[in-house]
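Novice: My file is structure_33.cif. It has mmCIF, C-alpha atoms and all ligand atoms:
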data_final
#
loop_
_atom_site.label_atom_id
_atom_site.label_comp_id
_atom_site.auth_asym_id
_atom_site.auth_seq_id
_atom_site.Cartn_x
_atom_site.Cartn_y
_atom_site.Cartn_z
CA MET G 1 -19.84 -13.63 18.40
CA SER G 2 -16.13 -13.15 18.71
CA THR G 3 -13.85 -13.87 15.77
CA THR G 4 -10.17 -14.62 16.13
CA HIS G 5 -7.76 -13.31 13.52
CA LYS G 6 -4.05 -13.97 13.47
CA ILE G 7 -1.83 -11.09 12.43
CA SER G 8 1.93 -10.79 12.12
CA ILE G 9 3.25 -7.47 13.35
CA LEU G 10 6.50 -6.40 11.69
CA ALA G 11 7.37 -2.97 13.09
CA GLY G 12 10.85 -2.72 11.56
CA ASP G 13 13.08 0.34 11.80
CA GLY G 14 13.04 4.10 12.25
CA ILE G 15 9.63 5.41 13.22
CA GLY G 16 8.18 1.91 12.53
CA PRO G 17 8.10 0.73 16.15
CA GLU G 18 6.62 3.92 17.62
CA VAL G 19 3.86 4.35 15.03
CA MET G 20 3.13 0.62 15.26
CA ASP G 21 2.74 0.85 19.06
CA ALA G 22 0.50 3.86 18.63
CA SER G 23 -1.62 2.07 16.03
CA MET G 24 -2.17 -0.77 18.50
CA LEU G 25 -4.04 1.62 20.80
CA VAL G 26 -6.50 2.22 17.99
CA LEU G 27 -6.66 -1.36 16.72
CA ASP G 28 -7.29 -2.64 20.25
CA ALA G 29 -10.04 -0.07 20.81
CA ALA G 30 -11.74 -1.15 17.57
CA ALA G 31 -11.28 -4.83 18.40
CA LYS G 32 -12.89 -4.32 21.79
CA LYS G 33 -15.84 -2.39 20.41
CA PHE G 34 -16.56 -4.94 17.69
CA SER G 35 -15.72 -8.10 19.71
CA ILE G 36 -12.82 -9.07 17.51
CA THR G 37 -10.06 -11.18 19.03
CA LEU G 38 -6.68 -10.49 17.51
CA GLU G 39 -3.83 -12.92 17.97
CA LYS G 40 -0.76 -10.78 17.35
CA ASP G 41 2.69 -12.16 16.69
CA SER G 42 5.46 -9.54 16.65
CA GLN G 43 8.53 -10.42 14.60
CA LEU G 44 11.75 -8.81 13.48
CA VAL G 45 12.24 -7.38 10.01
CA GLY G 46 14.65 -5.05 8.21
CA GLY G 47 17.61 -3.46 9.94
CA ALA G 48 16.40 -4.57 13.37
CA ALA G 49 16.42 -8.15 12.08
CA ILE G 50 19.87 -7.73 10.52
CA ASP G 51 21.23 -6.53 13.87
CA ALA G 52 19.66 -9.40 15.78
CA THR G 53 20.02 -12.29 13.32
CA GLY G 54 22.14 -11.17 10.37
CA SER G 55 19.20 -11.43 7.96
CA PRO G 56 16.67 -8.71 7.03
CA LEU G 57 13.96 -11.37 6.72
CA PRO G 58 14.57 -14.20 9.20
CA GLU G 59 12.88 -17.56 8.66
CA GLU G 60 10.93 -17.16 11.86
CA THR G 61 9.39 -13.99 10.51
CA VAL G 62 8.39 -15.70 7.27
CA ALA G 63 6.91 -18.61 9.24
CA SER G 64 4.86 -16.21 11.36
CA CYS G 65 3.50 -14.50 8.24
CA GLN G 66 2.63 -17.86 6.72
CA ALA G 67 0.57 -18.73 9.77
CA SER G 68 -1.29 -15.41 9.78
CA ASP G 69 -4.32 -13.89 8.10
CA ALA G 70 -2.44 -10.67 7.37
CA ILE G 71 0.80 -8.79 7.94
CA LEU G 72 0.85 -5.35 9.52
CA PHE G 73 4.15 -3.80 8.49
CA GLY G 74 5.87 -0.67 9.82
CA SER G 75 8.86 0.46 7.79
CA VAL G 76 12.42 -0.68 7.16
CA GLY G 77 15.77 0.88 6.44
CA GLY G 78 18.01 3.64 7.70
CA PRO G 79 21.53 5.07 7.44
CA LYS G 80 22.98 2.30 9.59
CA TRP G 81 22.42 -0.31 6.89
CA GLU G 82 22.93 1.81 3.78
CA ASN G 83 26.42 0.55 3.08
CA LEU G 84 25.51 -3.12 2.96
CA PRO G 85 25.46 -4.81 -0.47
CA PRO G 86 22.12 -3.93 -2.16
CA ASP G 87 20.65 -7.42 -1.80
CA GLN G 88 21.24 -7.42 1.95
CA GLN G 89 19.78 -3.99 2.61
CA PRO G 90 16.54 -3.89 4.56
CA GLU G 91 14.40 -2.64 1.64
CA ARG G 92 15.58 -5.05 -1.02
CA GLY G 93 16.28 -7.90 1.37
CA ALA G 94 12.94 -7.82 3.18
CA LEU G 95 10.26 -5.95 1.25
CA LEU G 96 10.81 -7.39 -2.22
CA PRO G 97 11.09 -11.02 -1.02
CA LEU G 98 7.95 -10.63 1.12
CA ARG G 99 6.03 -9.34 -1.90
CA LYS G 100 7.25 -12.15 -4.11
CA LYS G 101 6.93 -14.93 -1.55
CA PHE G 102 3.34 -14.11 -0.72
CA ASN G 103 2.43 -13.22 -4.29
CA LEU G 104 1.31 -9.74 -3.21
CA TYR G 105 0.75 -8.51 -6.72
CA ALA G 106 -1.82 -5.79 -6.11
CA ASN G 107 -0.58 -2.69 -4.36
CA LEU G 108 -3.34 -0.25 -3.43
CA ARG G 109 -2.05 3.21 -2.57
CA PRO G 110 -4.72 5.77 -1.80
CA GLY G 111 -3.66 9.38 -2.31
CA VAL G 112 -6.14 11.41 -0.33
CA CYS G 113 -5.95 15.11 0.40
CA LEU G 114 -8.71 15.97 2.85
CA PRO G 115 -10.47 19.28 2.14
CA SER G 116 -9.33 20.44 5.61
CA LEU G 117 -5.67 19.76 4.73
CA THR G 118 -5.35 21.26 1.24
CA HIS G 119 -3.11 24.02 2.64
CA ALA G 120 -0.56 21.31 3.59
CA SER G 121 -0.32 20.24 -0.08
CA PRO G 122 2.42 21.76 -2.25
CA VAL G 123 -0.12 21.97 -5.10
CA LYS G 124 -1.63 25.45 -5.61
CA ASN G 125 -4.77 25.44 -3.51
CA GLU G 126 -6.94 26.91 -6.27
CA LEU G 127 -6.27 23.69 -8.23
CA ILE G 128 -7.61 21.51 -5.40
CA PRO G 129 -10.41 23.46 -3.73
CA ASN G 130 -12.02 20.26 -2.42
CA GLY G 131 -8.88 18.20 -1.94
CA PHE G 132 -8.77 14.97 -3.93
CA ASP G 133 -9.08 11.24 -3.55
CA VAL G 134 -7.12 9.09 -6.00
CA LEU G 135 -6.38 5.38 -5.71
CA CYS G 136 -3.22 4.09 -7.35
CA VAL G 137 -3.33 0.38 -8.15
CA ARG G 138 0.25 -0.68 -8.78
CA GLU G 139 1.29 -4.09 -10.07
CA LEU G 140 3.81 -5.23 -7.49
CA THR G 141 5.40 -8.57 -8.36
CA GLY G 142 6.28 -8.24 -12.04
CA GLY G 143 7.80 -5.87 -14.55
CA ILE G 144 11.33 -4.56 -14.40
CA TYR G 145 11.65 -5.16 -10.65
CA PHE G 146 11.73 -8.91 -11.03
CA GLY G 147 12.35 -9.69 -14.73
CA GLN G 148 15.36 -11.86 -15.61
CA PRO G 149 18.15 -11.49 -16.60
CA LYS G 150 19.31 -8.84 -14.18
CA SER G 151 23.04 -8.23 -13.94
CA ILE G 152 26.06 -5.99 -14.01
CA SER G 153 28.89 -7.57 -15.95
CA GLU G 154 31.88 -6.65 -18.05
CA VAL G 155 31.29 -6.57 -21.80
CA ASP G 156 34.01 -5.41 -24.22
CA GLY G 157 36.07 -3.92 -21.43
CA GLU G 158 33.33 -1.95 -19.69
CA LEU G 159 30.61 -2.60 -17.18
CA VAL G 160 27.14 -3.13 -18.58
CA ALA G 161 23.96 -3.26 -16.49
CA ILE G 162 20.88 -5.19 -17.55
CA ASP G 163 17.38 -5.12 -16.10
CA THR G 164 14.60 -6.89 -17.96
CA MET G 165 11.01 -5.76 -18.13
CA VAL G 166 8.65 -8.69 -18.48
CA TYR G 167 4.87 -8.86 -18.19
CA LYS G 168 2.86 -11.97 -18.84
CA GLN G 169 -0.65 -11.24 -20.02
CA SER G 170 -2.09 -13.13 -17.05
CA GLU G 171 -0.30 -10.73 -14.70
CA ILE G 172 -1.88 -7.76 -16.47
CA VAL G 173 -5.31 -9.39 -16.48
CA ARG G 174 -5.37 -9.99 -12.73
CA ILE G 175 -4.23 -6.49 -11.77
CA ALA G 176 -6.72 -5.01 -14.24
CA HIS G 177 -9.54 -6.90 -12.54
CA ILE G 178 -8.45 -5.53 -9.16
CA ALA G 179 -8.41 -2.01 -10.57
CA PHE G 180 -11.79 -2.26 -12.33
CA THR G 181 -13.32 -3.75 -9.19
CA ALA G 182 -11.94 -0.88 -7.13
CA ALA G 183 -13.28 1.62 -9.67
CA MET G 184 -16.74 0.01 -9.52
CA ALA G 185 -16.81 0.71 -5.78
CA ARG G 186 -15.78 4.34 -6.31
CA ASP G 187 -16.45 6.86 -9.07
CA LYS G 188 -16.22 4.29 -11.89
CA ARG G 189 -13.33 5.97 -13.71
CA LEU G 190 -10.10 4.12 -14.42
CA CYS G 191 -6.98 5.58 -16.00
CA SER G 192 -4.42 3.05 -17.20
CA VAL G 193 -0.90 4.46 -17.30
CA ASP G 194 1.74 3.05 -19.63
CA LYS G 195 4.43 3.99 -22.13
CA ALA G 196 2.86 2.34 -25.15
CA ASN G 197 4.58 4.77 -27.52
CA VAL G 198 7.92 3.14 -26.66
CA LEU G 199 7.62 -0.14 -24.74
CA GLN G 200 6.33 -3.49 -26.00
CA ASN G 201 5.36 -4.24 -22.41
CA SER G 202 3.03 -1.27 -22.54
CA VAL G 203 1.52 -2.24 -25.89
CA LEU G 204 0.49 -5.56 -24.34
CA TRP G 205 -0.58 -3.76 -21.15
CA ARG G 206 -2.92 -1.39 -22.98
CA GLN G 207 -4.38 -4.06 -25.24
CA THR G 208 -5.03 -6.32 -22.24
CA VAL G 209 -6.62 -3.61 -20.10
CA ILE G 210 -8.96 -2.78 -23.00
CA GLU G 211 -9.83 -6.46 -23.29
CA VAL G 212 -10.63 -6.73 -19.55
CA SER G 213 -12.65 -3.49 -19.68
CA LYS G 214 -15.35 -5.29 -21.69
CA GLU G 215 -16.34 -7.03 -18.46
CA TYR G 216 -16.84 -3.65 -16.76
CA PRO G 217 -19.00 -1.62 -19.18
CA GLU G 218 -19.92 0.86 -16.43
CA VAL G 219 -16.32 1.92 -15.87
CA GLU G 220 -15.04 4.76 -18.01
CA LEU G 221 -11.55 3.72 -19.12
CA SER G 222 -8.86 6.16 -20.24
CA HIS G 223 -5.15 5.79 -21.02
CA LEU G 224 -2.22 8.10 -20.39
CA TYR G 225 1.47 7.82 -21.13
CA VAL G 226 3.36 7.89 -17.87
CA ASP G 227 5.15 11.18 -18.55
CA ASN G 228 1.83 12.88 -19.22
CA ALA G 229 0.26 11.21 -16.17
CA ALA G 230 3.02 12.66 -14.00
CA MET G 231 2.11 16.13 -15.27
CA GLN G 232 -1.65 15.72 -15.00
CA LEU G 233 -1.35 14.50 -11.42
CA ILE G 234 0.18 17.82 -10.43
CA LYS G 235 -2.03 19.93 -12.66
CA GLN G 236 -5.38 18.35 -11.86
CA PRO G 237 -5.18 15.56 -9.28
CA GLY G 238 -8.94 15.81 -8.77
CA SER G 239 -9.52 14.57 -12.32
CA PHE G 240 -8.37 11.05 -11.37
CA ASP G 241 -10.37 8.36 -9.63
CA VAL G 242 -8.42 5.08 -9.97
CA ILE G 243 -5.07 4.70 -11.71
CA VAL G 244 -3.72 1.28 -12.74
CA THR G 245 -0.13 0.85 -13.77
CA GLY G 246 2.93 -1.41 -13.73
CA ASN G 247 5.48 -1.85 -10.99
CA LEU G 248 8.04 0.83 -11.88
CA PHE G 249 5.61 3.54 -13.02
CA GLY G 250 3.46 2.82 -9.97
CA ASP G 251 6.45 3.24 -7.67
CA ILE G 252 7.13 6.69 -9.06
CA LEU G 253 3.57 7.95 -9.49
CA SER G 254 2.50 6.78 -6.03
CA ASP G 255 5.29 8.83 -4.44
CA GLU G 256 4.24 11.84 -6.46
CA MET G 257 0.66 11.30 -5.35
CA ALA G 258 1.74 10.96 -1.74
CA MET G 259 3.71 14.18 -1.87
CA ILE G 260 0.91 16.27 -3.36
CA SER G 261 -1.56 14.95 -0.81
CA GLY G 262 0.22 16.95 1.88
CA SER G 263 1.92 14.41 4.06
CA LEU G 264 3.35 10.95 3.66
CA GLY G 265 2.37 10.43 7.28
CA MET G 266 -1.31 10.18 6.36
CA LEU G 267 -1.25 7.51 3.67
CA PRO G 268 -1.70 3.78 4.19
CA SER G 269 -1.22 1.04 1.61
CA ALA G 270 -2.28 -2.52 1.02
CA SER G 271 -0.45 -5.21 -0.93
CA LEU G 272 -2.82 -8.02 -1.77
CA GLY G 273 -2.43 -11.55 -3.06
CA ASN G 274 -5.08 -13.74 -4.64
CA PRO G 275 -8.63 -13.47 -3.37
CA LYS G 276 -9.49 -16.13 -0.83
CA PRO G 277 -12.47 -18.31 -1.61
CA VAL G 278 -15.49 -16.82 0.14
CA GLY G 279 -17.10 -18.54 3.07
CA THR G 280 -14.63 -21.37 3.50
CA ALA G 281 -12.91 -22.36 6.71
CA ASP G 282 -9.26 -21.63 7.24
CA ASP G 283 -6.90 -24.07 8.90
CA GLY G 284 -4.12 -21.49 9.13
CA ALA G 285 -1.56 -23.59 7.31
CA ASP G 286 0.06 -23.58 3.91
CA ASP G 287 1.03 -20.88 1.52
CA ARG G 288 -1.43 -18.00 1.72
CA ALA G 289 -0.42 -16.86 -1.71
CA ASP G 290 -2.36 -19.57 -3.44
CA ASP G 291 -5.14 -20.60 -1.17
CA GLY G 292 -6.28 -20.22 2.40
CA ALA G 293 -9.32 -18.30 3.53
CA SER G 294 -10.51 -16.62 6.64
CA GLY G 295 -13.89 -15.48 5.39
CA GLU G 296 -16.49 -16.76 7.78
CA ALA G 297 -19.63 -18.08 6.21
CA GLY G 298 -22.60 -16.06 7.29
CA ARG G 299 -20.79 -12.85 8.13
CA GLU G 300 -22.37 -9.82 6.54
CA GLU G 301 -19.31 -9.18 4.38
CA CYS G 302 -19.17 -11.50 1.40
CA LYS G 303 -16.83 -9.90 -1.07
CA PRO G 304 -13.53 -11.76 -1.38
CA LEU G 305 -10.90 -11.35 1.30
CA TYR G 306 -7.20 -11.32 0.48
CA PHE G 307 -4.06 -12.30 2.28
CA GLY G 308 -2.26 -8.98 2.46
CA MET G 309 0.49 -6.87 3.84
CA TYR G 310 -0.42 -3.41 5.09
CA GLU G 311 2.07 -0.62 5.53
CA PRO G 312 2.34 3.17 5.64
CA SER G 313 3.33 4.73 2.31
CA GLY G 314 6.04 6.84 3.95
CA GLY G 315 9.38 5.33 4.86
CA SER G 316 11.19 4.81 8.14
CA ALA G 317 11.95 8.56 8.52
CA PRO G 318 15.16 8.04 10.52
CA ASP G 319 15.52 11.81 10.97
CA ILE G 320 12.55 11.93 13.36
CA ALA G 321 12.68 8.39 14.75
CA GLY G 322 12.48 7.98 18.51
CA GLN G 323 11.23 11.49 19.15
CA GLY G 324 7.55 10.66 19.52
CA VAL G 325 6.56 13.18 16.86
CA ALA G 326 5.84 10.95 13.85
CA ASN G 327 2.32 10.91 12.45
CA PRO G 328 0.76 7.53 13.33
CA ILE G 329 -2.22 7.99 10.98
CA ALA G 330 -0.70 6.12 8.00
CA GLN G 331 -0.08 3.12 10.25
CA ILE G 332 -3.53 3.39 11.80
CA LEU G 333 -5.23 3.59 8.40
CA SER G 334 -3.12 0.63 7.25
CA ALA G 335 -4.61 -1.35 10.13
CA ALA G 336 -8.06 -0.24 8.94
CA MET G 337 -7.29 -1.48 5.42
CA MET G 338 -6.20 -4.79 6.94
CA LEU G 339 -9.50 -5.11 8.78
CA ARG G 340 -11.34 -4.39 5.54
CA TYR G 341 -9.45 -6.45 2.96
CA SER G 342 -8.00 -9.38 4.91
CA LEU G 343 -10.15 -9.80 8.00
CA GLY G 344 -13.56 -8.85 6.66
CA GLU G 345 -14.18 -6.57 9.65
CA THR G 346 -15.74 -3.75 7.69
CA ALA G 347 -17.50 -2.06 10.61
CA ALA G 348 -14.26 -1.84 12.58
CA ALA G 349 -12.44 -0.46 9.52
CA ASP G 350 -15.16 2.15 9.00
CA ALA G 351 -14.98 3.11 12.69
CA ILE G 352 -11.22 3.66 12.55
CA GLU G 353 -11.46 5.76 9.40
CA ALA G 354 -14.24 7.87 10.89
CA ALA G 355 -12.23 8.32 14.11
CA VAL G 356 -9.22 9.56 12.12
CA ASP G 357 -11.43 12.12 10.34
CA LYS G 358 -12.81 13.19 13.71
CA ALA G 359 -9.35 13.74 15.19
CA ILE G 360 -8.33 15.80 12.15
CA ASP G 361 -11.59 17.78 12.23
CA SER G 362 -10.99 18.57 15.90
CA GLY G 363 -7.76 20.30 14.86
CA LEU G 364 -5.21 17.79 16.15
CA ARG G 365 -2.05 17.86 14.05
CA THR G 366 1.28 16.10 14.23
CA GLY G 367 4.24 18.19 13.07
CA ASP G 368 4.06 17.07 9.42
CA ILE G 369 0.54 18.49 8.97
CA PHE G 370 0.73 21.37 11.44
CA THR G 371 0.63 24.73 9.69
CA GLY G 372 -0.17 27.02 12.62
CA LYS G 373 -3.63 27.86 11.30
CA GLU G 374 -6.23 28.86 13.87
CA GLY G 375 -7.86 25.87 15.51
CA GLU G 376 -4.87 23.56 15.09
CA THR G 377 -3.24 21.89 18.10
CA LYS G 378 0.17 20.31 17.68
CA VAL G 379 0.40 16.85 19.24
CA GLY G 380 2.82 13.92 19.32
CA THR G 381 2.45 10.35 18.09
CA VAL G 382 0.81 8.90 21.18
CA ALA G 383 -1.56 11.81 21.82
CA MET G 384 -2.82 11.59 18.23
CA ALA G 385 -3.38 7.84 18.52
CA GLU G 386 -5.10 8.22 21.90
CA ALA G 387 -7.48 10.80 20.48
CA ILE G 388 -8.33 8.48 17.59
CA ALA G 389 -8.79 5.52 19.94
CA ASP G 390 -11.06 7.65 22.14
CA ALA G 391 -13.16 8.59 19.13
CA ILE G 392 -13.95 4.95 18.37
C1 LIG G 401 8.02 1.33 -2.32
C2 LIG G 401 9.51 1.43 -2.15
C3 LIG G 401 10.13 0.12 -2.59
C4 LIG G 401 9.80 -0.08 -4.05
C5 LIG G 401 11.65 0.03 -2.36
C6 LIG G 401 12.01 0.34 -0.94
C7 LIG G 401 12.19 -1.32 -2.76
O1 LIG G 401 10.00 2.51 -2.84
O2 LIG G 401 7.39 0.47 -1.66
O3 LIG G 401 7.47 2.09 -3.09
O4 LIG G 401 10.49 0.43 -4.92
O5 LIG G 401 8.81 -0.75 -4.33
MG MG G 402 8.52 3.71 -3.73
#
Mind converting the file's structure to structure tokens?
Specialist:
Amino acid sequence: MSTTHKISILAGDGIGPEVMDASMLVLDAAAKKFSITLEKDSQLVGGAAIDATGSPLPEETVASCQASDAILFGSVGGPKWENLPPDQQPERGALLPLRKKFNLYANLRPGVCLPSLTHASPVKNELIPNGFDVLCVRELTGGIYFGQPKSISEVDGELVAIDTMVYKQSEIVRIAHIAFTAAMARDKRLCSVDKANVLQNSVLWRQTVIEVSKEYPEVELSHLYVDNAAMQLIKQPGSFDVIVTGNLFGDILSDEMAMISGSLGMLPSASLGNPKPVGTADDGADDRADDGASGEAGREECKPLYFGMYEPSGGSAPDIAGQGVANPIAQILSAAMMLRYSLGETAAADAIEAAVDKAIDSGLRTGDIFTGKEGETKVGTVAMAEAIADAI
């Protein structure tokens, strides 16, 4: 039986378009093998959209996303648009509104260092003999990113800047459930990161996470202050399983995690909204943030599916854009996460992830993970994607 899924493809700027094209080779190979029909709608976003329409997030792009089951996102931004007012820049003008508009409150950022790539990590290799596999669950639509008031104004003859950190308990509860659920499917250890020795937000955060933990007695819950968490991540990344934290701390810690894993070019991410009701039909209309469902009754997969946006953790890397050398694996693994969390195509997701491991095991390396060790072959973006597609 063939299933049709609608996806919006937003390639964006920098290396976005080339890694997106490369990822399509792999996605198409998986779709063919598992009889999945993908209806793809490519739209402009970021700097490319500013150049073409004047807006980093044109209405047409939003409409396409609204009519889709998921968004596959490349990357946005670059030197060309850096001098625009902050609100009109690709990152703030496209990414943040997309997150808010689609209520994508749960940001899953895996930080995986494969045992075969530990030498590419800046962490001393004796600290990570078997690599590591950490999942950062970052709250993405609240906290200091979005709290009001937010301003720069003149007070008593000088400029004063205000950002406001706000968390409603319901926002903490829902992200905690996502994190505990993720931990249940992994090693059942969850570390909640906060700054409860200083911030009222964090006092409520910790208290709420402890409250939610009562529903997950099998998960071992621990707490760290964010400054300590930043240290422990470098000292013993292997000691973490799942981390849950707020928007700002998650932004910082997930970059740290990405760096110590060896290459930004390997790491996907998912930003998820509310779970869709299981087994209901989807008419493709309306706001996906609140309802909508594409789960098909009777398919083997019955855990909830989410409307989501999937993107590489690395940025647009303008320094290497257009050269055909960027690592497409983050984009490819983002497509796998999309198949898993939004489309319910678990077998296809598994196949892509296994094919990536196979390509790495065979010694293929893009420049970011090439170290010249025996058995490594340096390849470009397309060759890497072709090898992964072939392995499916
Ligand atoms: C990220 C980015 C964004 C963020 C920026 C580009 C707005 O750093 O996705 O981590 O801070 O969330
Ligand atoms: Mg960031």
Novice: I'd like the interatomic distance between atom CA of Gly367 of chain G and atom CA of Val123 of chain G, to a tenth of an Å.
Specialist: 19.1 Å
Novice: Taking all atoms listed in the file into account, list the residues no farther than 7 Å from ligand LIG 401 (chain G), as a count of residues only.
Specialist: 5
Novice: Counting all atoms listed in the file, which residue out of G:Asp227, G:Asp368, G:Glu345, G:Glu59 sits closest to Asn327 of chain G?
Specialist: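 Closest residue, counting all atoms listed in the file: G:Asp368.
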Novice: Can you work out which one of G:Gln232, G:Thr208, G:Gln43, G:Ser254 has the shortest atom-to-atom distance to ligand MG 402 (chain G), counting only C-alpha atoms and all ligand atoms?
Specialist: G:Ser254
Novice: Need the shell around Ala348 of chain G: protein/DNA/RNA residues with any atom at most 7 Å away, counting only C-alpha atoms. Skip same-chain ones fewer than 5 positions apart. Format as number ranges by chain?
Specialist: G: 30, 34, 339
Novice: Can you write just those residues out, C-alpha atoms, as a PDB file, keeping the file's coordinate frame?
Specialist:
ATOM      1  CA  ALA G  30     -11.740  -1.150  17.570  1.00  0.00           C
ATOM      2  CA  PHE G  34     -16.560  -4.940  17.690  1.00  0.00           C
ATOM      3  CA  LEU G 339      -9.500  -5.110   8.780  1.00  0.00           C
TER       4      LEU G 339
END
Novice: Each residue of chain G with at least one atom at most 9 Å from ligand MG 402 (chain G) should appear once, together with its nearest atom pair and the corresponding distance in Å (one decimal); atoms considered: all atoms listed in the file; ordering: chain, then increasing residue number; output as JSON lines.
Specialist:
{"residue": "G:Leu248", "atom": "CA", "partner": "G:MG402", "partner_atom": "MG", "distance": 8.7}
{"residue": "G:Gly250", "atom": "CA", "partner": "G:MG402", "partner_atom": "MG", "distance": 8.1}
{"residue": "G:Asp251", "atom": "CA", "partner": "G:MG402", "partner_atom": "MG", "distance": 4.5}
{"residue": "G:Ile252", "atom": "CA", "partner": "G:MG402", "partner_atom": "MG", "distance": 6.3}
{"residue": "G:Leu253", "atom": "CA", "partner": "G:MG402", "partner_atom": "MG", "distance": 8.7}
{"residue": "G:Ser254", "atom": "CA", "partner": "G:MG402", "partner_atom": "MG", "distance": 7.1}
{"residue": "G:Asp255", "atom": "CA", "partner": "G:MG402", "partner_atom": "MG", "distance": 6.1}
{"residue": "G:Ser313", "atom": "CA", "partner": "G:MG402", "partner_atom": "MG", "distance": 8.0}
{"residue": "G:Gly314", "atom": "CA", "partner": "G:MG402", "partner_atom": "MG", "distance": 8.7}
{"residue": "G:Gly315", "atom": "CA", "partner": "G:MG402", "partner_atom": "MG", "distance": 8.8}
Novice: Near segment 136-140 of chain G, within 9 Å and counting all atoms listed in the file, which residues show up once chain neighbours fewer than 2 positions away are dropped, as a ChimeraX atom specification?
Specialist: /G:99-100,103-111,134,142-143,145,171-172,175-176,178-179,182,241-251,253-254,257,271
Novice: Quote the spacing between atom CA of Gly78 of chain G and atom CA of Ile9 of chain G in Å to one decimal place.
Specialist: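 Pair atom CA of Gly78 of chain G / atom CA of Ile9 of chain G returns 19.3 Å.
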Novice: Would you mind telling me which residue in G:Ser68, G:Ser261, G:Ser42, G:Thr141 lies nearest to Met20 of chain G when using all atoms listed in the file?
Specialist: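 Closest to Met20 of chain G of all the choices is G:Ser42.
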Novice: G:Asp319, G:His119, G:Asp350, G:Phe370: which is nearest Met338 of chain G, counting all atoms listed in the file?
Specialist: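 Using all atoms listed in the file, Met338 of chain G sits closest to G:Asp350.
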Novice: Kindly give the distance, in Å, that separates atom CA of Leu57 of chain G and atom CA of Tyr167 of chain G, rounded to a single decimal.
Specialist: 26.6 Å
Novice: Using all atoms listed in the file, find the one residue out of G:Glu154, G:Glu376, G:Asp390, G:Asp87 that sits nearest to Ala354 of chain G.
Specialist: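 For Ala354 of chain G, the nearest of the given residues is G:Asp390.
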Novice: Would you pick out the contacts of Ala196 of chain G at 9 Å or less, using all atoms listed in the file, so that residues sharing its chain but fewer than 4 positions from it are not included, and give the list as a PyMOL selection string?
Specialist: chain G and resi 200-206+225
Novice: With all atoms listed in the file as the basis for distance, which of G:Gln148, G:Gln207, G:Asn274, G:Asn130 is at the shortest distance from Tyr306 of chain G?
Specialist: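 Selected residue with least distance to Tyr306 of chain G: G:Asn274.
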Novice: Considering only C-alpha atoms, return as a compact mmCIF listing (two decimals) with C-alpha atoms, in the frame of the given file whatever protein or nucleic-acid residues lie within 6 Å of Pro56 of chain G, sequence-local ones (same chain, fewer than 2 positions apart) excluded.
Specialist:
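part_24.txt, freshly written:
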# COMPACT_ATOMS: atom_id res chain seq x y z
CA VAL G 45 12.24 -7.38 10.01
CA GLY G 46 14.65 -5.05 8.21
CA ALA G 49 16.42 -8.15 12.08
CA ILE G 50 19.87 -7.73 10.52
CA PRO G 90 16.54 -3.89 4.56
CA GLY G 93 16.28 -7.90 1.37
CA ALA G 94 12.94 -7.82 3.18
Novice: When you look at Ile7 of chain G with a cut-off of 6 Å (counting all atoms listed in the file), what residues show up, excluding the ones that are within fewer than 2 positions of it in the same chain? I need them as JSON, numbers by chain.
Specialist: {"G": [40, 68, 69, 70, 71]}
Novice: Those selected residues, please, written with C-alpha atoms and delivered as a compact mmCIF listing (two decimals), in the frame of the given file.
Specialist:
# COMPACT_ATOMS: atom_id res chain seq x y z
CA LYS G 40 -0.76 -10.78 17.35
CA SER G 68 -1.29 -15.41 9.78
CA ASP G 69 -4.32 -13.89 8.10
CA ALA G 70 -2.44 -10.67 7.37
CA ILE G 71 0.80 -8.79 7.94
Novice: Counting only C-alpha atoms, which residues come within 9 Å of (-5.6, 9.3, -16.1), with the point read in the file's coordinates, and could you list them as a list in words?
Specialist: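 Neighbouring residues, ordered by chain and number, come to Arg189, Leu190, Cys191, Ser192, Val193, Leu221, Ser222, His223, Leu224, Tyr225, Asn228, Ala229, Gln232, Leu233, Ser239, Phe240, Asp241, Val242, Ile243 and Val244 of chain G.
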